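Reproduced below: target23.cif, with mmCIF, C-alpha atoms and all ligand atoms.
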```cif
data_query
#
loop_
_atom_site.label_atom_id
_atom_site.label_comp_id
_atom_site.auth_asym_id
_atom_site.auth_seq_id
_atom_site.Cartn_x
_atom_site.Cartn_y
_atom_site.Cartn_z
CA MET A 10 51.08 -23.17 -27.30
CA LEU A 11 48.68 -22.42 -24.48
CA SER A 12 49.50 -18.73 -24.40
CA ASN A 13 49.10 -18.62 -28.16
CA VAL A 14 45.64 -20.15 -27.90
CA ILE A 15 44.61 -17.80 -25.13
CA GLU A 16 45.85 -14.85 -27.11
CA LYS A 17 43.81 -15.94 -30.10
CA SER A 18 40.81 -16.52 -27.89
CA LEU A 19 41.10 -13.03 -26.52
CA ARG A 20 41.27 -11.69 -30.02
CA ILE A 21 38.32 -13.64 -31.34
CA PHE A 22 36.04 -13.56 -28.34
CA PRO A 23 35.27 -9.94 -27.67
CA ILE A 24 32.12 -9.60 -25.62
CA LEU A 25 29.45 -7.07 -26.49
CA PHE A 26 27.33 -5.46 -23.86
CA PHE A 27 24.13 -3.92 -25.14
CA PRO A 28 22.22 -1.60 -22.87
CA ILE A 29 18.91 -3.09 -21.84
CA SER A 30 16.40 -0.60 -23.11
CA GLY A 31 12.69 -0.60 -22.35
CA ALA A 32 12.23 -3.18 -25.10
CA LYS A 33 10.79 -6.53 -24.12
CA GLU A 34 13.64 -8.38 -25.74
CA CYS A 35 17.29 -7.58 -25.58
CA PHE A 36 19.60 -8.60 -28.33
CA VAL A 37 23.05 -9.72 -27.42
CA GLY A 38 24.62 -12.01 -29.95
CA LEU A 39 25.69 -11.06 -33.41
CA ARG A 40 26.63 -12.47 -36.76
CA ARG A 41 29.36 -14.94 -37.41
CA LEU A 42 32.96 -14.01 -38.07
CA GLY A 43 34.93 -15.08 -41.07
CA PHE A 44 37.95 -15.72 -38.87
CA ARG A 45 36.33 -17.02 -35.74
CA ARG A 46 37.94 -20.43 -35.75
CA LEU A 47 41.55 -19.51 -36.31
CA GLY A 48 43.85 -22.02 -34.75
CA LEU A 49 41.22 -23.85 -32.72
CA HIS A 50 40.76 -26.95 -34.80
CA ASN A 51 41.69 -29.53 -32.25
CA ARG A 52 39.19 -31.00 -29.83
CA GLY A 53 41.60 -30.71 -26.93
CA LEU A 54 42.16 -27.10 -27.72
CA HIS A 55 38.43 -26.45 -27.74
CA HIS A 56 38.36 -26.91 -24.02
CA ILE A 57 41.32 -24.63 -23.55
CA GLY A 58 39.68 -22.13 -25.88
CA PHE A 59 36.53 -22.28 -23.82
CA THR A 60 38.38 -21.66 -20.58
CA ALA A 61 40.09 -18.78 -22.27
CA LEU A 62 36.69 -17.49 -23.36
CA LEU A 63 35.45 -17.28 -19.79
CA PHE A 64 38.70 -15.67 -18.76
CA SER A 65 38.37 -13.12 -21.53
CA ALA A 66 34.73 -12.43 -20.70
CA ALA A 67 35.58 -11.76 -17.10
CA THR A 68 38.67 -9.76 -17.75
CA PHE A 69 38.37 -8.01 -21.08
CA ALA A 70 34.88 -6.67 -21.60
CA VAL A 71 36.12 -4.81 -24.63
CA GLN A 72 34.98 -4.94 -28.21
CA ALA A 73 37.20 -4.32 -31.19
CA PRO A 74 35.18 -2.38 -33.78
CA ASP A 75 34.89 -4.99 -36.53
CA GLU A 76 34.62 -8.09 -34.43
CA PRO A 77 31.04 -8.98 -33.56
CA ALA A 78 30.45 -11.23 -30.56
CA LEU A 79 30.32 -14.96 -31.03
CA VAL A 80 28.63 -15.64 -27.82
CA CYS A 81 25.61 -14.61 -25.91
CA GLU A 82 25.73 -14.56 -22.17
CA PHE A 83 22.68 -14.21 -19.95
CA ASP A 84 22.34 -14.80 -16.25
CA GLY A 85 25.36 -17.09 -16.07
CA VAL A 86 24.50 -18.99 -19.28
CA VAL A 87 27.07 -18.80 -22.07
CA ILE A 88 26.58 -19.91 -25.67
CA ASP A 89 29.43 -20.10 -28.15
CA ILE A 90 30.12 -21.46 -31.62
CA ASP A 91 33.89 -21.54 -31.47
CA PHE A 92 34.40 -24.96 -32.95
CA GLU A 93 34.35 -26.32 -36.47
CA ALA A 94 30.79 -26.64 -37.79
CA GLY A 95 29.51 -24.23 -35.13
CA ASN A 96 26.87 -21.96 -36.62
CA ILE A 97 24.27 -19.80 -34.95
CA GLU A 98 23.36 -16.47 -36.51
CA SER A 99 22.10 -14.56 -33.50
CA CYS A 100 20.96 -14.90 -29.92
CA HIS A 101 18.52 -13.06 -27.72
CA LYS A 102 16.32 -13.59 -24.69
CA SER A 103 12.56 -13.59 -25.05
CA LYS A 104 10.18 -11.95 -22.58
CA ASN A 105 9.57 -15.31 -20.93
CA ASN A 106 13.29 -15.90 -20.49
CA ASN A 107 13.77 -18.40 -23.32
CA LEU A 108 16.97 -18.12 -25.31
CA ILE A 109 16.14 -17.57 -28.99
CA LEU A 110 18.89 -18.68 -31.37
CA GLY A 111 18.62 -17.46 -34.95
CA VAL A 112 19.49 -20.17 -37.51
CA SER A 113 20.37 -18.75 -40.94
CA PRO A 114 22.08 -19.99 -44.08
CA GLU A 115 25.24 -18.64 -45.66
CA LYS A 116 23.23 -17.41 -48.64
CA THR A 117 19.76 -17.60 -50.15
CA PRO A 118 18.12 -19.21 -51.99
CA ILE A 119 19.34 -22.49 -50.60
CA ASN A 120 18.27 -26.10 -50.18
CA MET A 121 16.43 -27.08 -47.06
CA SER A 122 19.39 -28.20 -44.94
CA PRO A 123 19.09 -25.88 -41.95
CA TRP A 124 22.22 -26.73 -40.02
CA TYR A 125 22.86 -25.47 -36.51
CA ALA A 126 25.55 -26.21 -33.94
CA PHE A 127 26.36 -24.45 -30.69
CA ARG A 128 27.78 -25.06 -27.25
CA ILE A 129 26.10 -24.03 -24.04
CA ARG A 130 27.06 -23.98 -20.38
CA ALA A 131 25.72 -22.47 -17.17
CA GLU A 132 27.40 -21.42 -13.94
CA SER A 133 25.06 -23.68 -11.98
CA PRO A 134 23.00 -26.67 -13.16
CA ARG A 135 19.61 -25.74 -14.58
CA THR A 136 17.02 -26.70 -17.19
CA LEU A 137 16.73 -24.20 -20.02
CA LYS A 138 14.43 -23.63 -22.96
CA VAL A 139 16.46 -22.82 -26.06
CA VAL A 140 14.48 -22.00 -29.18
CA LEU A 141 15.90 -22.45 -32.68
CA LYS A 142 14.35 -19.89 -34.98
CA TYR A 143 14.86 -20.57 -38.69
CA SER A 144 15.11 -17.62 -41.08
CA GLU A 145 14.71 -19.97 -44.05
CA HIS A 146 12.85 -23.24 -44.36
CA SER A 147 11.91 -25.18 -41.26
CA HIS A 148 13.26 -27.61 -38.69
CA ARG A 149 14.78 -30.74 -40.28
CA TYR A 150 17.65 -32.13 -38.22
CA LYS A 151 16.80 -33.79 -34.93
CA PRO A 152 19.04 -32.25 -32.27
CA LYS A 153 22.05 -34.29 -31.15
CA ILE A 154 23.84 -33.58 -27.88
CA SER A 155 27.34 -34.32 -26.67
CA ALA A 156 29.39 -33.69 -23.56
CA ASP A 157 32.69 -33.72 -25.44
CA GLY A 158 31.93 -33.02 -29.11
CA VAL A 159 32.92 -36.59 -29.95
CA ALA A 160 30.30 -38.98 -28.52
CA TRP A 161 26.76 -37.96 -29.50
CA ALA A 162 23.21 -38.92 -28.57
CA GLU A 163 19.84 -37.81 -29.84
CA LEU A 164 18.05 -35.33 -27.64
CA ASP A 165 15.00 -37.11 -26.27
CA ALA A 166 11.92 -36.42 -28.40
CA SER A 167 9.98 -35.30 -25.31
CA LYS A 168 12.42 -32.39 -25.05
CA ILE A 169 11.73 -31.06 -28.55
CA LYS A 170 8.67 -29.05 -29.44
CA LEU A 171 8.07 -27.74 -32.94
CA ILE A 172 6.17 -24.50 -33.16
CA ARG A 173 4.98 -21.95 -35.73
CA LYS A 174 4.69 -24.50 -38.56
CA ASN A 175 8.09 -25.97 -37.69
CA THR A 176 9.90 -22.69 -38.28
CA MET A 177 10.84 -22.78 -34.61
CA ALA A 178 12.00 -25.67 -32.45
CA SER A 179 11.99 -25.38 -28.68
CA LEU A 180 14.62 -27.54 -26.98
CA THR A 181 14.65 -28.33 -23.28
CA LEU A 182 18.28 -28.66 -22.25
CA ASP A 183 19.82 -29.70 -18.96
CA VAL A 184 22.86 -27.49 -18.68
CA GLY A 185 25.64 -27.17 -16.09
CA PRO A 186 29.19 -25.89 -15.79
CA GLU A 187 30.52 -28.41 -18.31
CA PRO A 188 29.83 -27.44 -21.94
CA LEU A 189 27.03 -29.22 -23.78
CA TRP A 190 27.32 -29.42 -27.57
CA VAL A 191 24.04 -29.25 -29.49
CA ALA A 192 23.99 -29.81 -33.27
CA GLY A 193 21.75 -30.93 -36.12
CA GLN A 194 23.83 -34.09 -36.57
CA GLU A 195 26.94 -35.55 -35.01
CA ILE A 196 29.84 -33.25 -35.83
CA ILE A 197 32.45 -34.72 -38.15
CA ASP A 198 34.98 -31.96 -38.59
CA ASN A 199 38.11 -31.45 -40.66
CA ASN A 200 40.28 -32.74 -37.86
CA PHE A 201 38.50 -36.08 -38.05
CA TYR A 202 39.34 -36.45 -41.73
CA ARG A 203 42.95 -35.44 -41.12
CA ILE A 204 43.42 -38.06 -38.41
CA TRP A 205 41.55 -40.75 -40.33
CA MET A 206 43.47 -40.26 -43.55
CA GLN A 207 46.82 -39.99 -41.78
CA ALA A 208 46.15 -43.31 -40.04
CA LEU A 209 45.11 -45.02 -43.28
CA GLY A 210 48.06 -43.50 -45.09
CA GLN A 211 50.47 -45.32 -42.79
CA ARG A 212 49.24 -48.72 -43.85
CA ASP A 213 51.16 -50.77 -46.38
CA GLY A 214 50.16 -49.97 -49.92
CA LEU A 215 48.27 -46.78 -49.07
CA GLN A 216 49.33 -43.16 -49.15
CA HIS A 217 47.85 -39.93 -47.88
CA THR A 218 48.62 -36.95 -50.07
CA LEU A 219 47.40 -33.41 -50.49
CA LEU A 220 45.06 -33.13 -53.45
CA GLY A 221 45.07 -29.35 -53.05
CA LYS A 222 43.66 -26.45 -51.09
CA SER A 223 40.16 -25.12 -50.61
CA ALA A 224 39.27 -21.48 -51.28
CA GLN A 225 40.20 -20.61 -47.68
CA GLY A 226 43.40 -22.61 -47.82
CA ARG A 227 42.30 -25.74 -45.97
CA ASP A 228 43.78 -29.07 -47.02
CA ILE A 229 41.76 -31.31 -49.29
CA GLY A 230 43.30 -34.72 -48.78
CA LEU A 231 43.53 -37.67 -51.13
CA LEU A 232 43.92 -41.17 -49.74
CA ARG A 233 44.95 -43.65 -52.38
CA THR A 234 46.60 -46.95 -53.08
CA VAL A 235 50.28 -46.51 -53.90
CA PRO A 236 50.45 -46.40 -57.71
CA GLY A 237 51.37 -49.86 -58.91
CA GLU A 238 50.34 -52.47 -61.43
CA GLN A 239 46.60 -51.91 -61.26
CA ARG A 240 45.06 -51.28 -64.67
CA LYS A 241 41.70 -50.21 -63.32
CA ALA A 242 40.65 -47.67 -60.74
CA VAL A 243 37.73 -46.62 -58.57
CA LEU A 244 37.13 -43.13 -57.19
CA PHE A 245 35.09 -42.08 -54.16
CA VAL A 246 34.18 -38.58 -53.05
CA GLY A 247 32.28 -37.19 -50.08
CA ARG A 248 31.12 -34.20 -48.06
CA GLN A 249 30.36 -31.81 -50.88
CA HIS A 250 27.44 -30.75 -48.68
CA PRO A 251 28.54 -30.05 -45.11
CA PRO A 252 25.43 -31.08 -43.11
CA GLU A 253 25.21 -34.47 -44.82
CA VAL A 254 26.74 -36.38 -41.96
CA THR A 255 24.99 -39.71 -42.50
CA GLY A 256 26.59 -39.86 -45.93
CA ALA A 257 29.93 -39.21 -44.24
CA LEU A 258 29.28 -42.02 -41.76
CA ALA A 259 28.48 -44.38 -44.63
CA MET A 260 31.62 -43.34 -46.45
CA GLN A 261 33.77 -44.06 -43.39
CA ALA A 262 32.38 -47.57 -43.02
CA PHE A 263 32.52 -48.21 -46.76
CA MET A 264 36.10 -47.04 -47.16
CA ASN A 265 37.33 -48.76 -44.01
CA ARG A 266 36.05 -51.99 -45.54
CA VAL A 267 37.75 -51.30 -48.88
CA PHE A 268 41.03 -50.49 -47.08
CA ALA A 269 40.84 -53.52 -44.75
CA ALA A 270 43.62 -56.11 -44.60
CA ASP A 271 41.57 -59.23 -45.42
CA GLU A 272 41.81 -61.26 -48.60
CA LEU A 273 38.86 -59.70 -50.43
CA ALA A 274 40.00 -56.11 -49.90
CA THR A 275 43.67 -56.87 -50.54
CA SER A 276 42.85 -58.69 -53.73
CA PHE A 277 40.59 -55.82 -54.75
CA ARG A 278 43.31 -53.23 -54.19
CA ASN A 279 45.81 -55.34 -56.12
CA THR A 280 43.48 -55.19 -59.12
CA PHE A 281 41.95 -51.73 -58.71
CA ALA A 282 43.69 -48.51 -57.76
CA VAL A 283 41.49 -46.96 -55.06
CA LEU A 284 41.28 -43.19 -54.63
CA MET A 285 39.15 -41.33 -52.12
CA VAL A 286 38.54 -37.64 -51.49
CA PRO A 287 36.21 -37.83 -48.50
CA ASN A 288 36.02 -34.14 -47.60
CA LEU A 289 35.69 -31.94 -50.67
CA ASN A 290 34.19 -28.92 -48.88
CA PRO A 291 36.34 -28.37 -45.77
CA ASP A 292 35.54 -24.64 -45.64
CA GLY A 293 31.82 -25.34 -45.59
CA VAL A 294 32.38 -27.97 -42.89
CA ALA A 295 34.41 -25.55 -40.77
CA GLN A 296 31.91 -22.72 -41.17
CA GLY A 297 28.87 -24.84 -40.44
CA HIS A 298 27.41 -24.11 -43.87
CA TRP A 299 24.05 -25.48 -44.94
CA ARG A 300 25.08 -26.28 -48.49
CA PHE A 301 27.69 -24.16 -50.24
CA ASN A 302 31.44 -23.64 -50.28
CA THR A 303 32.78 -20.21 -49.33
CA GLY A 304 32.40 -19.15 -52.95
CA GLY A 305 28.66 -19.39 -52.39
CA LEU A 306 28.27 -22.31 -54.78
CA ASP A 307 26.75 -25.75 -54.50
CA LEU A 308 29.82 -27.80 -55.40
CA ASN A 309 27.64 -30.59 -56.72
CA ARG A 310 26.31 -28.23 -59.39
CA ASP A 311 29.80 -27.26 -60.54
CA TRP A 312 31.06 -30.47 -62.17
CA GLY A 313 31.43 -29.30 -65.74
CA PRO A 314 31.67 -25.53 -65.20
CA PHE A 315 34.43 -26.14 -62.60
CA THR A 316 34.44 -22.54 -61.39
CA GLN A 317 35.49 -23.38 -57.80
CA PRO A 318 38.93 -24.37 -56.48
CA GLU A 319 37.48 -27.47 -54.84
CA THR A 320 35.80 -28.86 -57.97
CA GLN A 321 38.80 -27.88 -60.09
CA LEU A 322 40.85 -30.31 -58.00
CA MET A 323 38.43 -33.07 -58.94
CA ARG A 324 38.54 -32.04 -62.61
CA ASP A 325 42.34 -32.31 -62.56
CA LEU A 326 42.28 -35.64 -60.74
CA LEU A 327 39.83 -36.98 -63.33
CA LEU A 328 41.96 -35.62 -66.19
CA ASP A 329 44.72 -37.93 -64.98
CA PHE A 330 42.51 -40.90 -65.78
CA GLN A 331 42.28 -39.76 -69.40
CA ARG A 332 46.00 -40.24 -69.99
CA PRO A 333 46.59 -43.45 -71.93
CA GLU A 334 49.11 -44.80 -69.41
CA SER A 335 46.71 -44.34 -66.48
CA ALA A 336 44.62 -47.02 -64.88
CA ARG A 337 41.14 -46.99 -66.40
CA LEU A 338 38.43 -45.52 -64.20
CA SER A 339 35.73 -48.15 -63.70
CA LEU A 340 33.41 -46.80 -61.03
CA PHE A 341 32.67 -43.52 -59.25
CA LEU A 342 30.68 -43.11 -56.03
CA ASP A 343 29.67 -39.89 -54.28
CA PHE A 344 28.30 -40.03 -50.70
CA HIS A 345 25.45 -37.73 -49.57
CA SER A 346 22.45 -37.52 -47.25
CA THR A 347 18.81 -36.81 -47.85
CA TYR A 348 15.48 -37.71 -46.24
CA GLU A 349 15.78 -41.43 -47.02
CA ASP A 350 18.30 -44.04 -48.11
CA VAL A 351 18.51 -43.99 -51.91
CA PHE A 352 20.94 -44.68 -54.74
CA TYR A 353 20.86 -42.14 -57.58
CA THR A 354 22.12 -43.97 -60.66
CA GLN A 355 22.11 -43.84 -64.42
CA PRO A 356 19.11 -45.54 -66.04
CA ASP A 357 19.82 -49.16 -67.08
CA ALA A 358 18.79 -48.33 -70.64
CA ILE A 359 21.63 -45.93 -71.49
CA PRO A 360 24.99 -47.04 -72.88
CA ILE A 361 27.45 -47.69 -70.09
CA SER A 362 30.55 -49.73 -69.40
CA MET A 363 29.64 -52.76 -67.28
CA PRO A 364 25.93 -52.45 -68.27
CA ALA A 365 24.80 -54.92 -65.60
CA PHE A 366 26.91 -53.57 -62.78
CA THR A 367 24.50 -51.19 -61.07
CA GLU A 368 21.49 -53.49 -61.11
CA THR A 369 23.53 -56.52 -60.02
CA TRP A 370 25.38 -54.64 -57.29
CA LEU A 371 22.21 -53.23 -55.75
CA THR A 372 20.43 -56.60 -55.99
CA ASN A 373 23.36 -58.31 -54.28
CA ILE A 374 23.36 -55.75 -51.46
CA GLU A 375 19.61 -56.19 -51.07
CA LYS A 376 19.88 -59.97 -50.82
CA ARG A 377 22.61 -59.75 -48.18
CA ILE A 378 20.62 -57.33 -46.05
CA GLN A 379 17.44 -59.37 -46.45
CA ARG A 380 19.17 -62.18 -44.56
CA LYS A 381 19.08 -59.92 -41.52
CA LEU A 382 16.07 -57.79 -42.39
CA PRO A 383 13.51 -59.81 -44.38
CA GLY A 384 11.59 -57.57 -46.76
CA PHE A 385 14.36 -54.99 -47.02
CA LYS A 386 14.23 -53.16 -50.35
CA ILE A 387 16.91 -51.04 -51.98
CA ASN A 388 15.60 -47.69 -53.07
CA ARG A 389 16.95 -46.68 -56.47
CA ASP A 390 16.22 -43.54 -58.48
CA ALA A 391 17.72 -43.83 -61.96
CA ALA A 392 16.57 -40.44 -63.19
CA HIS A 393 17.62 -37.98 -60.52
CA ASN A 394 18.82 -34.58 -61.80
CA PRO A 395 20.18 -35.98 -65.09
CA GLY A 396 20.49 -32.52 -66.66
CA LEU A 397 22.40 -30.84 -63.82
CA PRO A 398 26.20 -30.53 -63.58
CA THR A 399 26.48 -32.98 -60.71
CA SER A 400 29.42 -35.27 -60.05
CA LYS A 401 27.65 -38.38 -61.24
CA THR A 402 26.43 -36.81 -64.49
CA TYR A 403 29.87 -35.36 -65.26
CA VAL A 404 31.71 -38.60 -64.58
CA TYR A 405 29.19 -40.68 -66.50
CA THR A 406 29.24 -38.29 -69.45
CA THR A 407 33.04 -38.10 -69.51
CA PHE A 408 33.91 -41.75 -68.92
CA GLY A 409 30.74 -43.72 -69.70
CA ILE A 410 31.07 -45.62 -66.44
CA PRO A 411 28.62 -46.21 -63.58
CA ALA A 412 28.69 -43.01 -61.51
CA ILE A 413 26.42 -43.30 -58.52
CA THR A 414 25.31 -41.11 -55.64
CA PHE A 415 24.86 -43.07 -52.41
CA GLU A 416 22.44 -41.14 -50.19
CA LEU A 417 21.69 -41.99 -46.58
CA GLY A 418 18.65 -40.76 -44.71
CA ASP A 419 19.10 -38.09 -42.05
CA ASN A 420 17.60 -40.38 -39.43
CA THR A 421 18.80 -43.76 -40.61
CA ASP A 422 19.95 -45.83 -37.63
CA ARG A 423 23.68 -45.31 -37.27
CA ARG A 424 24.44 -48.99 -36.67
CA PHE A 425 22.45 -49.85 -39.78
CA ILE A 426 24.45 -47.30 -41.79
CA ARG A 427 27.66 -49.08 -40.82
CA VAL A 428 26.28 -52.50 -41.75
CA TYR A 429 24.70 -51.24 -44.98
CA ALA A 430 27.85 -49.44 -46.13
CA THR A 431 30.10 -52.35 -45.20
CA ILE A 432 27.95 -54.79 -47.15
CA ALA A 433 27.80 -52.34 -50.07
CA ALA A 434 31.62 -52.22 -50.09
CA GLU A 435 31.97 -56.00 -49.97
CA GLU A 436 29.47 -56.54 -52.77
CA MET A 437 31.10 -53.84 -54.87
CA MET A 438 34.53 -55.44 -54.48
CA SER A 439 33.28 -58.96 -55.19
CA LEU A 440 31.34 -57.88 -58.28
CA LEU A 441 34.10 -55.70 -59.70
CA LEU A 442 36.60 -58.52 -59.23
CA THR A 443 34.39 -60.90 -61.20
CA GLU A 444 34.03 -58.31 -63.97
CA ALA A 445 37.73 -57.41 -63.98
ZN ZN B 1 24.20 -33.75 -50.97
#
```
Output the structure of this file as structure tokens.
Amino acid sequence: MLSNVIEKSLRIFPILFFPISGAKECFVGLRRLGFRRLGLHNRGLHHIGFTALLFSAATFAVQAPDEPALVCEFDGVVIDIDFEAGNIESCHKSKNNNLILGVSPEKTPINMSPWYAFRIRAESPRTLKVVLKYSEHSHRYKPKISADGVAWAELDASKIKLIRKNTMASLTLDVGPEPLWVAGQEIIDNNFYRIWMQALGQRDGLQHTLLGKSAQGRDIGLLRTVPGEQRKAVLFVGRQHPPEVTGALAMQAFMNRVFAADELATSFRNTFAVLMVPNLNPDGVAQGHWRFNTGGLDLNRDWGPFTQPETQLMRDLLLDFQRPESARLSLFLDFHSTYEDVFYTQPDAIPISMPAFTETWLTNIEKRIQRKLPGFKINRDAAHNPGLPTSKTYVYTTFGIPAITFELGDNTDRRFIRVYATIAAEEMMSLLLTEA
């Protein structure tokens, strides 16, 4: 295994040496590779891969013709993006010795979700200025740092300086021989979903199956209740948009509550088949995309056209619910992130099954949270993008049921997200059980 990893690392980490001309800046790093993350999906292997990287840099200063460098290396400082979600477009050193990292989307035009993620280390401990330079839009995601890619903290605000109308962000980083991960949000990669769903799938009454494959052949998993006597069903989807990590955190807490072993959740799952597809865009997650899948499409504008392999899987899953012998789909939720916490819903005035559900559910959540946070108000937008082929519009139009997008703010307190999503799950279960 180890030799295999090192061999891959040697293949995918060629190092480029550019001659330093008379120019004030020298350019070292280059554009991303389509195949840069082959075989290195596991956190443990990341460290091995990184060791192999240094080994390869020292030993094989050779460049295969079509393999641009992933890394820039200056004065004993090494930057790489060889992990899922890693994405930096380019790297060079400015005249005052700052490292300038180019941050670019997979395609333009694109929504303002300028994702970045890289790893940095230095031969000897030092404090460095690393500047994110956005080719599109401006700085949005507050930098998070991690020593292991698993536990994350916000970079202290005093170490972030926004410049040139926020199109550049200067980060002051304390770097040493151990790698430091820096990313726009905590990284939740495909491996996380695999482990999470496998663990859930081993519980009584639940099963983890393969819904299908992404365009690049990654697994898109389905976690569901074992088909049984339930005559109704609920469906949850997440991660259509790779950088929307707070939505993913909410989905984890929400689903863990729905799949819990207590009386409420057990009773709920005995009445409602529960299906979740928490990671619909695994290619975008792996590539560190800002928005799209590898087909260059916003998946949440493809529910209806269904031109992409990922959304086609959802179309086929939904078709199952139209068979007369199937459990009847009652509710659909899609988890996302935006600038604030908000529920995008259908307007109360339009015909819908369970006409009171949305208003009652959100009011019940609000009341529960007000016990801890007096004055708390749920933010609801009942007229968001009604004409676009989004998941919620497609599911509402096809089934006439409440189909709701649950959006979490980029900067919402992570402990609050867990509480909020857990309460939302409990109130959903209680209310659906009374309506069942
Ligand atoms: Zn989104």
Please tabulate, as a Markdown table, the residues of chain A that come within 10 Å of ligand ZN 1 (chain B), each with its closest pair of atoms and the distance in Å to one decimal, counting only C-alpha atoms and all ligand atoms and ordering rows by chain, then residue number upward.
```
| residue | atom | partner | partner_atom | distance |
| --- | --- | --- | --- | --- |
| A:Asn120 | CA | B:ZN1 | ZN | 9.7 |
| A:Ser122 | CA | B:ZN1 | ZN | 9.5 |
| A:Gly247 | CA | B:ZN1 | ZN | 8.8 |
| A:Arg248 | CA | B:ZN1 | ZN | 7.5 |
| A:Gln249 | CA | B:ZN1 | ZN | 6.5 |
| A:His250 | CA | B:ZN1 | ZN | 5.0 |
| A:Pro251 | CA | B:ZN1 | ZN | 8.2 |
| A:Pro252 | CA | B:ZN1 | ZN | 8.4 |
| A:Glu253 | CA | B:ZN1 | ZN | 6.3 |
| A:Val254 | CA | B:ZN1 | ZN | 9.7 |
| A:Gly256 | CA | B:ZN1 | ZN | 8.3 |
| A:Arg300 | CA | B:ZN1 | ZN | 7.9 |
| A:Asp307 | CA | B:ZN1 | ZN | 9.1 |
| A:Leu308 | CA | B:ZN1 | ZN | 9.3 |
| A:Asn309 | CA | B:ZN1 | ZN | 7.4 |
| A:Asp343 | CA | B:ZN1 | ZN | 8.9 |
| A:Phe344 | CA | B:ZN1 | ZN | 7.5 |
| A:His345 | CA | B:ZN1 | ZN | 4.4 |
| A:Ser346 | CA | B:ZN1 | ZN | 5.6 |
| A:Thr347 | CA | B:ZN1 | ZN | 6.9 |
| A:Thr414 | CA | B:ZN1 | ZN | 8.8 |
| A:Phe415 | CA | B:ZN1 | ZN | 9.5 |
| A:Glu416 | CA | B:ZN1 | ZN | 7.6 |
| A:Leu417 | CA | B:ZN1 | ZN | 9.7 |
```
Written selection (C-alpha atoms) as a PDB file, in the coordinates of the input:
```pdb
ATOM      1  CA  ASN A 120      18.270 -26.100 -50.180  1.00  0.00           C
ATOM      2  CA  SER A 122      19.390 -28.200 -44.940  1.00  0.00           C
ATOM      3  CA  GLY A 247      32.280 -37.190 -50.080  1.00  0.00           C
ATOM      4  CA  ARG A 248      31.120 -34.200 -48.060  1.00  0.00           C
ATOM      5  CA  GLN A 249      30.360 -31.810 -50.880  1.00  0.00           C
ATOM      6  CA  HIS A 250      27.440 -30.750 -48.680  1.00  0.00           C
ATOM      7  CA  PRO A 251      28.540 -30.050 -45.110  1.00  0.00           C
ATOM      8  CA  PRO A 252      25.430 -31.080 -43.110  1.00  0.00           C
ATOM      9  CA  GLU A 253      25.210 -34.470 -44.820  1.00  0.00           C
ATOM     10  CA  VAL A 254      26.740 -36.380 -41.960  1.00  0.00           C
ATOM     11  CA  GLY A 256      26.590 -39.860 -45.930  1.00  0.00           C
ATOM     12  CA  ARG A 300      25.080 -26.280 -48.490  1.00  0.00           C
ATOM     13  CA  ASP A 307      26.750 -25.750 -54.500  1.00  0.00           C
ATOM     14  CA  LEU A 308      29.820 -27.800 -55.400  1.00  0.00           C
ATOM     15  CA  ASN A 309      27.640 -30.590 -56.720  1.00  0.00           C
ATOM     16  CA  ASP A 343      29.670 -39.890 -54.280  1.00  0.00           C
ATOM     17  CA  PHE A 344      28.300 -40.030 -50.700  1.00  0.00           C
ATOM     18  CA  HIS A 345      25.450 -37.730 -49.570  1.00  0.00           C
ATOM     19  CA  SER A 346      22.450 -37.520 -47.250  1.00  0.00           C
ATOM     20  CA  THR A 347      18.810 -36.810 -47.850  1.00  0.00           C
ATOM     21  CA  THR A 414      25.310 -41.110 -55.640  1.00  0.00           C
ATOM     22  CA  PHE A 415      24.860 -43.070 -52.410  1.00  0.00           C
ATOM     23  CA  GLU A 416      22.440 -41.140 -50.190  1.00  0.00           C
ATOM     24  CA  LEU A 417      21.690 -41.990 -46.580  1.00  0.00           C
TER      25      LEU A 417
END
```
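Here the selection is built from only C-alpha atoms, and the residues within 7 Å of (28.2, -21.5, -18.4) turn out to be Gly85, Val86, Val87, Ile129, Arg130, Ala131, Glu132, Gly185 and Pro186 of chain A.
The interatomic distance for the pair CA of Asn373 (chain A) and CA of Ala434 (chain A) works out to 11.1 Å.
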Leu340 (chain A) surroundings by all atoms listed in the file, 9 Å radius, close-in-sequence under 5 positions cut, as a ChimeraX atom specification: /A:242-245,410-413
Each side padded by 4 Å, which centre and which edge lengths in Å (one decimal) define the axis-aligned box around the listed atoms of region 409-424 of chain A? Give them as lines of an AutoDock Vina configuration file.
```
center_x = 24.3
center_y = -43.5
center_z = -53.2
size_x = 21.5
size_y = 18.9
size_z = 41.0
```
